[in-house]
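Enquirer: What follows is data_28.cif; its format and atoms are mmCIF, C-alpha atoms.
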data_protein
#
loop_
_atom_site.label_atom_id
_atom_site.label_comp_id
_atom_site.auth_asym_id
_atom_site.auth_seq_id
_atom_site.Cartn_x
_atom_site.Cartn_y
_atom_site.Cartn_z
CA VAL D 254 -23.32 -18.02 -2.03
CA MET D 255 -21.62 -19.44 1.03
CA ARG D 256 -23.15 -19.05 4.47
CA TRP D 257 -21.10 -17.35 7.21
CA GLY D 258 -20.92 -19.61 10.25
CA MET D 259 -19.45 -22.94 9.25
CA ILE D 260 -21.61 -26.05 9.45
CA PRO D 261 -19.24 -29.03 9.59
CA SER D 262 -19.99 -31.93 7.29
CA PHE D 263 -20.17 -34.35 10.23
CA ALA D 264 -22.99 -32.39 11.93
CA GLY D 265 -25.64 -34.90 10.79
CA ASP D 266 -29.17 -34.24 9.57
CA GLU D 267 -29.69 -31.46 12.13
CA GLY D 268 -26.51 -29.70 11.04
CA THR D 269 -28.07 -26.26 10.77
CA ARG D 270 -28.69 -26.31 14.52
CA ALA D 271 -25.70 -28.38 15.62
CA THR D 272 -23.12 -25.58 15.58
CA GLY D 273 -24.79 -23.49 18.24
CA GLY D 274 -23.73 -20.30 16.46
CA ASN D 275 -20.10 -20.67 17.55
CA THR D 276 -18.47 -21.13 14.15
CA PHE D 277 -18.37 -17.59 12.76
CA ASN D 278 -14.72 -17.35 13.78
CA ALA D 279 -11.89 -19.87 14.15
CA ARG D 280 -9.09 -18.92 16.52
CA ASP D 281 -5.67 -19.34 14.97
CA ASP D 282 -4.34 -20.99 18.13
CA THR D 283 -6.95 -23.79 17.86
CA LEU D 284 -6.60 -24.66 14.16
CA LEU D 285 -4.52 -27.74 14.97
CA SER D 286 -6.04 -28.66 18.34
CA SER D 287 -9.71 -28.46 17.36
CA PRO D 288 -10.84 -31.46 15.27
CA MET D 289 -13.42 -29.31 13.48
CA TRP D 290 -10.83 -26.81 12.23
CA LYS D 291 -7.97 -29.26 11.69
CA ARG D 292 -9.97 -31.42 9.28
CA CYS D 293 -10.76 -28.31 7.19
CA LEU D 294 -7.26 -26.85 6.95
CA HIS D 295 -6.99 -28.18 3.40
CA ARG D 296 -10.18 -26.25 2.55
CA ARG D 297 -8.93 -22.71 2.73
CA CYS D 298 -10.70 -19.69 1.24
CA ALA D 299 -10.49 -15.91 1.13
CA VAL D 300 -13.29 -13.71 2.49
CA VAL D 301 -13.53 -10.26 0.88
CA SER D 302 -15.05 -7.39 2.85
CA GLU D 303 -15.24 -3.61 2.94
CA GLY D 304 -14.52 -3.68 6.68
CA PHE D 305 -15.46 -5.15 10.04
CA PHE D 306 -16.71 -4.08 13.47
CA GLU D 307 -15.12 -4.52 16.87
CA TRP D 308 -16.49 -3.42 20.24
CA LYS D 309 -14.49 -1.67 22.93
CA ALA D 310 -15.54 -2.35 26.51
CA LEU D 311 -16.04 0.88 28.47
CA LYS D 312 -15.67 1.43 32.21
CA ASP D 313 -19.41 1.85 32.69
CA GLY D 314 -20.03 -1.63 31.30
CA LYS D 315 -21.23 -0.42 27.93
CA LYS D 316 -19.55 -1.18 24.62
CA GLN D 317 -18.58 1.27 21.91
CA PRO D 318 -18.49 -0.13 18.34
CA TYR D 319 -15.63 0.75 16.00
CA TYR D 320 -15.44 0.24 12.25
CA PHE D 321 -12.16 -1.06 10.75
CA HIS D 322 -11.38 -0.55 7.07
CA ASN D 323 -8.58 -0.03 4.57
CA PRO D 324 -7.52 3.64 4.58
CA ASP D 325 -7.09 3.56 0.78
CA GLY D 326 -10.68 2.43 0.28
CA LYS D 327 -9.61 -1.00 -0.98
CA LEU D 328 -11.31 -4.22 0.03
CA LEU D 329 -9.91 -6.27 2.89
CA THR D 330 -9.23 -9.99 2.41
CA PHE D 331 -9.56 -12.33 5.40
CA ALA D 332 -8.24 -15.87 5.80
CA GLY D 333 -11.06 -18.41 5.98
CA LEU D 334 -11.94 -22.10 6.03
CA TRP D 335 -14.94 -23.76 4.39
CA ASP D 336 -16.90 -26.99 4.45
CA VAL D 337 -19.98 -28.59 2.88
CA TRP D 338 -22.85 -29.99 4.91
CA ARG D 339 -25.26 -32.38 3.23
CA LYS D 340 -28.59 -33.80 4.28
CA CYS D 341 -28.97 -37.17 2.60
CA SER D 342 -31.52 -39.93 2.33
CA PRO D 343 -30.74 -43.54 1.43
CA ALA D 344 -31.38 -44.72 -2.11
CA ALA D 345 -31.82 -48.26 -3.36
CA SER D 346 -28.51 -50.14 -3.31
CA SER D 347 -27.11 -51.50 -6.52
CA SER D 348 -24.62 -54.27 -7.18
CA SER D 349 -21.54 -53.37 -9.16
CA SER D 350 -21.49 -56.95 -10.53
CA SER D 351 -25.09 -56.93 -11.72
CA SER D 352 -26.40 -55.24 -14.85
CA SER D 353 -30.07 -55.64 -13.88
CA SER D 354 -30.12 -52.58 -11.59
CA PRO D 355 -30.23 -49.29 -13.47
CA PRO D 356 -27.72 -46.59 -12.52
CA PRO D 357 -28.93 -43.53 -10.58
CA SER D 358 -30.61 -40.87 -12.66
CA SER D 359 -28.21 -38.27 -14.03
CA THR D 360 -30.51 -35.59 -12.68
CA GLU D 361 -30.11 -36.86 -9.10
CA THR D 362 -27.28 -35.74 -6.86
CA THR D 363 -25.90 -38.93 -5.35
CA ARG D 364 -22.97 -40.06 -3.25
CA THR D 365 -21.35 -43.46 -3.22
CA ARG D 366 -19.63 -45.07 -0.25
CA THR D 367 -16.33 -43.71 -1.54
CA GLU D 368 -17.57 -40.14 -1.07
CA ILE D 369 -19.17 -41.00 2.27
CA GLY D 370 -15.83 -42.40 3.35
CA GLU D 371 -14.37 -38.90 3.51
CA ARG D 372 -16.52 -38.40 6.60
CA GLY D 373 -15.38 -41.70 8.05
CA GLU D 374 -18.81 -43.29 7.73
CA ALA D 375 -17.85 -46.08 5.39
CA GLY D 376 -14.86 -47.53 3.61
CA LYS D 377 -14.16 -47.78 -0.10
CA PRO D 378 -16.36 -50.19 -2.03
CA GLU D 379 -14.62 -53.17 -3.53
CA GLY D 380 -15.39 -54.84 -6.84
CA GLY D 381 -18.33 -57.22 -6.86
CA VAL D 382 -19.99 -55.92 -3.66
CA ASP D 383 -23.04 -53.77 -3.14
CA VAL D 384 -22.43 -50.03 -3.30
CA GLU D 385 -24.50 -47.86 -1.00
CA VAL D 386 -25.92 -44.79 -2.70
CA GLU D 387 -27.37 -41.72 -1.00
CA VAL D 388 -29.51 -39.00 -2.51
CA VAL D 389 -28.49 -35.50 -1.41
CA ASP D 390 -31.66 -33.68 -0.33
CA GLU D 391 -29.96 -30.47 0.82
CA GLU D 392 -26.47 -29.03 0.57
CA ILE D 393 -25.05 -25.97 2.35
CA GLU D 394 -21.60 -24.52 1.72
CA SER D 395 -20.40 -22.43 4.65
CA PHE D 396 -17.26 -20.76 5.92
CA THR D 397 -15.57 -19.35 9.00
CA ILE D 398 -13.12 -16.44 9.37
CA VAL D 399 -9.77 -17.11 11.04
CA THR D 400 -8.91 -14.66 13.84
CA THR D 401 -5.66 -13.80 15.58
CA ASP D 402 -4.37 -11.55 18.36
CA SER D 403 -4.71 -7.83 17.74
CA GLY D 404 -1.61 -5.72 17.19
CA LYS D 405 -0.31 -3.17 19.68
CA ASP D 406 -2.18 -0.32 18.02
CA THR D 407 -5.53 -2.13 17.85
CA SER D 408 -5.47 -4.11 21.10
CA GLU D 409 -6.93 -1.15 23.03
CA ILE D 410 -10.12 -1.64 21.02
CA HIS D 411 -10.36 -5.44 21.07
CA GLU D 412 -7.98 -8.29 21.79
CA ARG D 413 -8.88 -10.28 18.65
CA MET D 414 -9.27 -9.44 14.96
CA PRO D 415 -9.56 -11.24 11.59
CA VAL D 416 -6.41 -12.48 9.87
CA VAL D 417 -5.91 -9.99 7.01
CA LEU D 418 -4.12 -11.29 3.90
CA ALA D 419 -2.49 -7.97 3.12
CA ASP D 420 -0.89 -8.66 -0.27
CA GLU D 421 -1.05 -10.97 -3.28
CA GLU D 422 1.77 -13.16 -2.01
CA ALA D 423 0.01 -13.86 1.29
CA LEU D 424 -3.27 -14.50 -0.53
CA ALA D 425 -1.67 -16.94 -2.98
CA GLN D 426 0.11 -18.79 -0.18
CA TRP D 427 -3.07 -19.18 1.86
CA LEU D 428 -5.10 -20.42 -1.12
CA ASP D 429 -2.43 -22.86 -2.31
CA CYS D 430 -3.87 -26.12 -0.99
CA SER D 431 -1.38 -28.38 -2.77
CA ASP D 432 0.05 -29.25 0.65
CA ALA D 433 -2.75 -31.76 1.23
CA GLU D 434 -4.89 -34.07 -0.84
CA THR D 435 -8.67 -33.82 -0.62
CA GLY D 436 -9.86 -35.47 2.57
CA LYS D 437 -6.41 -35.45 4.20
CA GLU D 438 -5.40 -33.36 7.18
CA VAL D 439 -2.66 -30.78 6.85
CA ALA D 440 0.45 -31.99 8.64
CA GLU D 441 1.74 -29.95 11.57
CA LYS D 442 5.07 -29.29 9.85
CA VAL D 443 3.26 -27.92 6.80
CA PHE D 444 1.11 -25.72 9.00
CA SER D 445 4.10 -24.38 10.95
CA LYS D 446 6.16 -23.67 7.83
CA ARG D 447 3.60 -22.31 5.39
CA LEU D 448 0.48 -21.18 7.21
CA ALA D 449 1.46 -20.05 10.71
CA PRO D 450 3.55 -17.08 9.42
CA LEU D 451 0.39 -15.68 7.81
CA LEU D 452 -1.60 -15.76 11.06
CA ARG D 453 -0.55 -12.44 12.51
CA PRO D 454 -2.07 -8.98 12.92
CA PRO D 455 -1.67 -6.64 9.93
CA THR D 456 1.22 -4.21 9.85
CA LYS D 457 0.59 -0.55 10.60
CA GLY D 458 -1.28 1.26 7.87
CA ILE D 459 -3.23 -1.73 6.55
CA VAL D 460 -6.34 -0.87 8.58
CA GLU D 461 -7.65 2.21 10.34
CA TRP D 462 -10.69 2.62 12.55
CA TYR D 463 -13.14 5.08 14.05
CA GLU D 464 -16.17 5.14 16.35
CA VAL D 465 -19.57 4.44 14.84
CA SER D 466 -23.17 4.58 16.04
CA ALA D 467 -24.62 1.91 18.30
CA ASP D 468 -26.89 1.00 15.37
CA ALA D 469 -23.91 -0.96 14.07
CA VAL D 470 -24.71 -3.70 16.60
CA ASN D 471 -28.37 -3.84 15.60
CA GLY D 472 -28.84 -6.64 13.11
CA ARG D 473 -32.16 -5.16 12.01
CA VAL D 474 -30.48 -1.97 10.77
CA ASP D 475 -29.01 -2.20 7.26
CA SER D 476 -27.96 1.33 6.40
CA ILE D 477 -24.91 3.35 5.37
CA GLU D 478 -25.35 5.10 8.71
CA CYS D 479 -23.82 2.02 10.37
CA ILE D 480 -20.36 2.82 8.98
CA LYS D 481 -20.47 6.60 9.19
CA PRO D 482 -18.11 8.13 11.77
CA LEU D 483 -19.97 8.81 15.00
CA ASP D 484 -19.17 12.54 15.05
CA GLU D 485 -20.56 12.86 11.51
CA VAL D 486 -23.76 11.11 12.55
CA ARG D 487 -24.12 13.41 15.54
CA ARG D 488 -23.64 16.52 13.40
CA GLY D 489 -26.25 15.25 10.98
CA ASN D 490 -28.71 14.69 13.81
CA LEU D 491 -28.20 18.25 15.06
CA ASP D 492 -28.67 19.66 11.57
CA ARG D 493 -31.93 17.76 11.17
CA PHE D 494 -33.11 18.94 14.60
CA PHE D 495 -32.60 22.65 13.91
CA LYS D 496 -33.54 22.68 10.23
CA PRO D 497 -37.24 23.50 9.63
CA VAL D 498 -39.20 20.81 7.89
CA SER D 499 -40.02 21.83 4.33
CA GLY D 500 -43.56 23.25 4.02
CA SER D 501 -44.16 23.41 7.76
CA ALA D 502 -42.35 26.60 8.77
CA VAL D 503 -44.06 28.45 11.59
CA PRO D 504 -44.96 32.04 10.51
CA LEU D 505 -43.53 34.87 12.52
CA ALA D 506 -45.95 36.51 14.97
CA PRO D 507 -47.04 40.08 14.08
CA PRO D 508 -45.40 42.88 16.08
CA PRO D 509 -47.33 44.05 19.15
CA PRO D 510 -49.42 47.24 18.78
CA ALA D 511 -47.93 50.58 19.91
CA MET D 512 -48.77 51.41 23.49
CA GLU D 513 -50.31 54.84 24.30
CA VAL D 514 -48.75 56.27 27.44
CA GLY D 515 -50.16 59.41 29.16
CA GLY D 516 -47.75 62.21 30.09
CA CYS D 517 -47.61 64.69 32.97
CA ASP D 518 -47.95 68.50 32.88
CA ASP D 519 -45.38 70.62 34.55
CA ASP D 520 -47.68 71.06 37.54
CA GLY D 521 -47.89 67.30 38.08
CA ALA D 522 -51.41 66.85 36.86
CA ASP D 523 -52.10 64.06 34.47
CA GLY D 524 -52.10 65.30 30.97
CA GLU D 525 -54.45 64.31 28.27
CA LYS D 526 -53.43 63.05 24.90
CA LYS D 527 -53.95 65.76 22.29
#
Any chance you could give the structure as structure tokens?
Expert:
Amino acid sequence: VMRWGMIPSFAGDEGTRATGGNTFNARDDTLLSSPMWKRCLHRRCAVVSEGFFEWKALKDGKKQPYYFHNPDGKLLTFAGLWDVWRKCSPAASSSSSSSSSPPPSSTETTRTRTEIGERGEAGKPEGGVDVEVEVVDEEIESFTIVTTDSGKDTSEIHERMPVVLADEEALAQWLDCSDAETGKEVAEKVFSKRLAPLLRPPTKGIVEWYEVSADAVNGRVDSIECIKPLDEVRRGNLDRFFKPVSGSAVPLAPPPPAMEVGGCDDDGADGEKK
């Protein structure tokens, strides 16, 4: 399972803390200008989701969360990029011209200088020279979601939103990475011709949205209540408030006893009850 929040392969041994939590999203207008995104443009992926949240800023400074989803109940597919971060330790070097050094164990995950060269750390080994070998101690595959400007109908909620690959043609075009060899950057002309047209807000009818409870912003809450419409949640809360708890109904109080009231005789004297 890939981790959301991309850890670039060049992050070093402290890669899990090097990103600073800023790699959950990649702005479409920085894919070519940011070295981190540009080097991963040949590593494109699709992120499948039931929906996503955006927060609308209110005049009082508070934020109201909204839930975006496909009105037909289908899954949404977002454009994404991925990378692999590895924590490695050096292994004993071996000479490609010597048969005295045994090869690395088949059960070990190793990398030669050729593989390291993809990160620009070393060049290709040549015949008859020592080959540096690293043992991979930890490996994390991670991804980021590409975002774009919101459309006219959604911009009142938030100015940015994920790039939605709305049909099979757009999905196939995004995942077709034949435009670049592994380890090579995608050329600007390829990006402009093939990828840039996909980086736009979805057409009307692809997504719809509604207000949800503030619990949606609480990472400790994992409940279906997070995606229920806010008015439905409020109605449910009122129903629970007024509905007696089973087995704890308060019994009705008995009626008060009849009061005995004395009357008056015609002459005004107090009468006695007969």
Enquirer: As a list in words, please: the residues near segment 466-483 of chain D (cut-off 10 Å, only C-alpha atoms, same-chain neighbours under 4 positions excluded).
Expert: Gly304, Phe305, Phe306, Glu307, Trp308, Lys316, Gln317, Pro318, Tyr319, Tyr320, Phe321, His322, Trp462, Arg487, Arg488 and Gly489 of chain D
Enquirer: To test your reading of the syntax: which residues would the PyMOL selection byres ((chain D and resi 285-290) around 12) return for the file shown? Reply as a ChimeraX atom specification.
Expert: /D:259-264,272,275-284,291-297,333-336,372,396-399,438-445,448-449
Enquirer: Give me, please, the distance in Å between atom CA of Ala425 of chain D and atom CA of Leu329 of chain D, quoted to one decimal.
Expert: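 About the pair atom CA of Ala425 of chain D and atom CA of Leu329 of chain D: they are 14.7 Å apart.
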Enquirer: Axis-aligned box over every listed atom of segment 407-413 of chain D, padded by 8 Å per side: centre and edges in Å to one decimal, as AutoDock Vina command-line options?
Expert:
--center_x -7.9 --center_y -5.7 --center_z 20.4 --size_x 20.9 --size_y 25.1 --size_z 21.2
Enquirer: Given the choices D:Gly265, D:Pro450, D:Pro415, D:Pro343, which gets closest to Asp402 of chain D if the distance is worked out from only C-alpha atoms?
Expert: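 Of D:Gly265, D:Pro450, D:Pro415, D:Pro343, the one nearest Asp402 of chain D, counting only C-alpha atoms, is D:Pro415.
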Enquirer: Name the residues that the PyMOL selection byres ((chain D and resi 416) around 8) pulls out of this structure, and write them as a short mmCIF file (atom, residue, chain, number, x, y, z; two decimals) with C-alpha atoms, in the coordinates of the input.
Expert:
data_model
loop_
_atom_site.label_atom_id
_atom_site.label_comp_id
_atom_site.auth_asym_id
_atom_site.auth_seq_id
_atom_site.Cartn_x
_atom_site.Cartn_y
_atom_site.Cartn_z
CA PHE D 331 -9.56 -12.33 5.40
CA ALA D 332 -8.24 -15.87 5.80
CA ILE D 398 -13.12 -16.44 9.37
CA VAL D 399 -9.77 -17.11 11.04
CA THR D 400 -8.91 -14.66 13.84
CA THR D 401 -5.66 -13.80 15.58
CA MET D 414 -9.27 -9.44 14.96
CA PRO D 415 -9.56 -11.24 11.59
CA VAL D 417 -5.91 -9.99 7.01
CA LEU D 418 -4.12 -11.29 3.90
CA LEU D 451 0.39 -15.68 7.81
CA LEU D 452 -1.60 -15.76 11.06
CA ARG D 453 -0.55 -12.44 12.51
CA PRO D 454 -2.07 -8.98 12.92
CA PRO D 455 -1.67 -6.64 9.93
#
Enquirer: Which value, in Å to one decimal, gives the distance between atom CA of Tyr463 of chain D and atom CA of Glu421 of chain D?
Expert: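 About the pair atom CA of Tyr463 of chain D and atom CA of Glu421 of chain D: they are 26.5 Å apart.
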Enquirer: Taking the file above as input, evaluate the PyMOL selection byres ((chain D and resi 300) around 6) and report the hits as a VMD selection string.
Expert: chain D and resid 299 301 330 to 331
Enquirer: For the atom pair atom CA of Gly258 of chain D and atom CA of Gly404 of chain D, what is the interatomic distance in Å to one decimal place?
Expert: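 Value for the atom CA of Gly258 of chain D-atom CA of Gly404 of chain D distance: 24.8 Å.
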Enquirer: Just checking: using only C-alpha atoms, which residue out of D:Ser302, D:Met255, D:Ala310, D:Asn323 ends up closest to Glu412 of chain D?
Expert: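 Checking each candidate against Glu412 of chain D, we get D:Ala310 as the closest.
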Enquirer: Quick one: segment 303-331 of chain D with N, CA and C atoms, as a tab-separated table (two decimals), in the coordinates of the input?
Expert:
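After the write, rebuild27.tsv holds the following:
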chain	number	residue	atom	x	y	z
D	303	GLU	N	-15.56	-5.04	2.88
D	303	GLU	CA	-15.24	-3.61	2.94
D	303	GLU	C	-14.67	-3.24	4.30
D	304	GLY	N	-15.01	-3.98	5.34
D	304	GLY	CA	-14.52	-3.68	6.68
D	304	GLY	C	-15.17	-4.59	7.70
D	305	PHE	N	-14.89	-4.34	8.97
D	305	PHE	CA	-15.46	-5.15	10.04
D	305	PHE	C	-15.60	-4.30	11.30
D	306	PHE	N	-16.44	-4.78	12.21
D	306	PHE	CA	-16.71	-4.08	13.47
D	306	PHE	C	-16.04	-4.80	14.63
D	307	GLU	N	-15.58	-4.00	15.58
D	307	GLU	CA	-15.12	-4.52	16.87
D	307	GLU	C	-15.70	-3.62	17.95
D	308	TRP	N	-15.86	-4.16	19.15
D	308	TRP	CA	-16.49	-3.42	20.24
D	308	TRP	C	-15.50	-3.24	21.38
D	309	LYS	N	-15.37	-2.00	21.81
D	309	LYS	CA	-14.49	-1.67	22.93
D	309	LYS	C	-15.30	-1.61	24.22
D	310	ALA	N	-14.85	-2.36	25.22
D	310	ALA	CA	-15.54	-2.35	26.51
D	310	ALA	C	-15.20	-1.07	27.27
D	311	LEU	N	-16.23	-0.36	27.73
D	311	LEU	CA	-16.04	0.88	28.47
D	311	LEU	C	-16.14	0.62	29.97
D	312	LYS	N	-15.69	1.60	30.76
D	312	LYS	CA	-15.67	1.43	32.21
D	312	LYS	C	-17.06	1.31	32.80
D	313	ASP	N	-18.05	1.90	32.16
D	313	ASP	CA	-19.41	1.85	32.69
D	313	ASP	C	-20.15	0.56	32.30
D	314	GLY	N	-19.42	-0.36	31.68
D	314	GLY	CA	-20.03	-1.63	31.30
D	314	GLY	C	-20.60	-1.65	29.91
D	315	LYS	N	-20.72	-0.49	29.29
D	315	LYS	CA	-21.23	-0.42	27.93
D	315	LYS	C	-20.12	-0.73	26.93
D	316	LYS	N	-20.51	-0.90	25.67
D	316	LYS	CA	-19.55	-1.18	24.62
D	316	LYS	C	-19.71	-0.19	23.48
D	317	GLN	N	-18.57	0.31	23.01
D	317	GLN	CA	-18.58	1.27	21.91
D	317	GLN	C	-18.09	0.58	20.64
D	318	PRO	N	-18.93	0.52	19.59
D	318	PRO	CA	-18.49	-0.13	18.34
D	318	PRO	C	-17.53	0.76	17.54
D	319	TYR	N	-16.58	0.10	16.90
D	319	TYR	CA	-15.63	0.75	16.00
D	319	TYR	C	-15.68	0.04	14.65
D	320	TYR	N	-15.46	0.80	13.61
D	320	TYR	CA	-15.44	0.24	12.25
D	320	TYR	C	-14.00	0.26	11.73
D	321	PHE	N	-13.51	-0.91	11.29
D	321	PHE	CA	-12.16	-1.06	10.75
D	321	PHE	C	-12.24	-1.19	9.23
D	322	HIS	N	-11.36	-0.51	8.53
D	322	HIS	CA	-11.38	-0.55	7.07
D	322	HIS	C	-10.00	-0.22	6.53
D	323	ASN	N	-9.84	-0.39	5.22
D	323	ASN	CA	-8.58	-0.03	4.57
D	323	ASN	C	-8.56	1.47	4.32
D	324	PRO	N	-7.53	2.18	4.75
D	324	PRO	CA	-7.52	3.64	4.58
D	324	PRO	C	-7.52	4.09	3.13
D	325	ASP	N	-7.10	3.22	2.21
D	325	ASP	CA	-7.09	3.56	0.78
D	325	ASP	C	-8.42	3.26	0.10
D	326	GLY	N	-9.38	2.76	0.86
D	326	GLY	CA	-10.68	2.43	0.28
D	326	GLY	C	-10.72	1.08	-0.42
D	327	LYS	N	-9.64	0.31	-0.34
D	327	LYS	CA	-9.61	-1.00	-0.98
D	327	LYS	C	-10.31	-2.03	-0.09
D	328	LEU	N	-10.69	-3.15	-0.71
D	328	LEU	CA	-11.31	-4.22	0.03
D	328	LEU	C	-10.29	-4.94	0.90
D	329	LEU	N	-10.75	-5.45	2.02
D	329	LEU	CA	-9.91	-6.27	2.89
D	329	LEU	C	-10.16	-7.74	2.57
D	330	THR	N	-9.13	-8.56	2.68
D	330	THR	CA	-9.23	-9.99	2.41
D	330	THR	C	-8.85	-10.76	3.67
D	331	PHE	N	-9.79	-11.56	4.19
D	331	PHE	CA	-9.56	-12.33	5.40
D	331	PHE	C	-9.26	-13.79	5.07
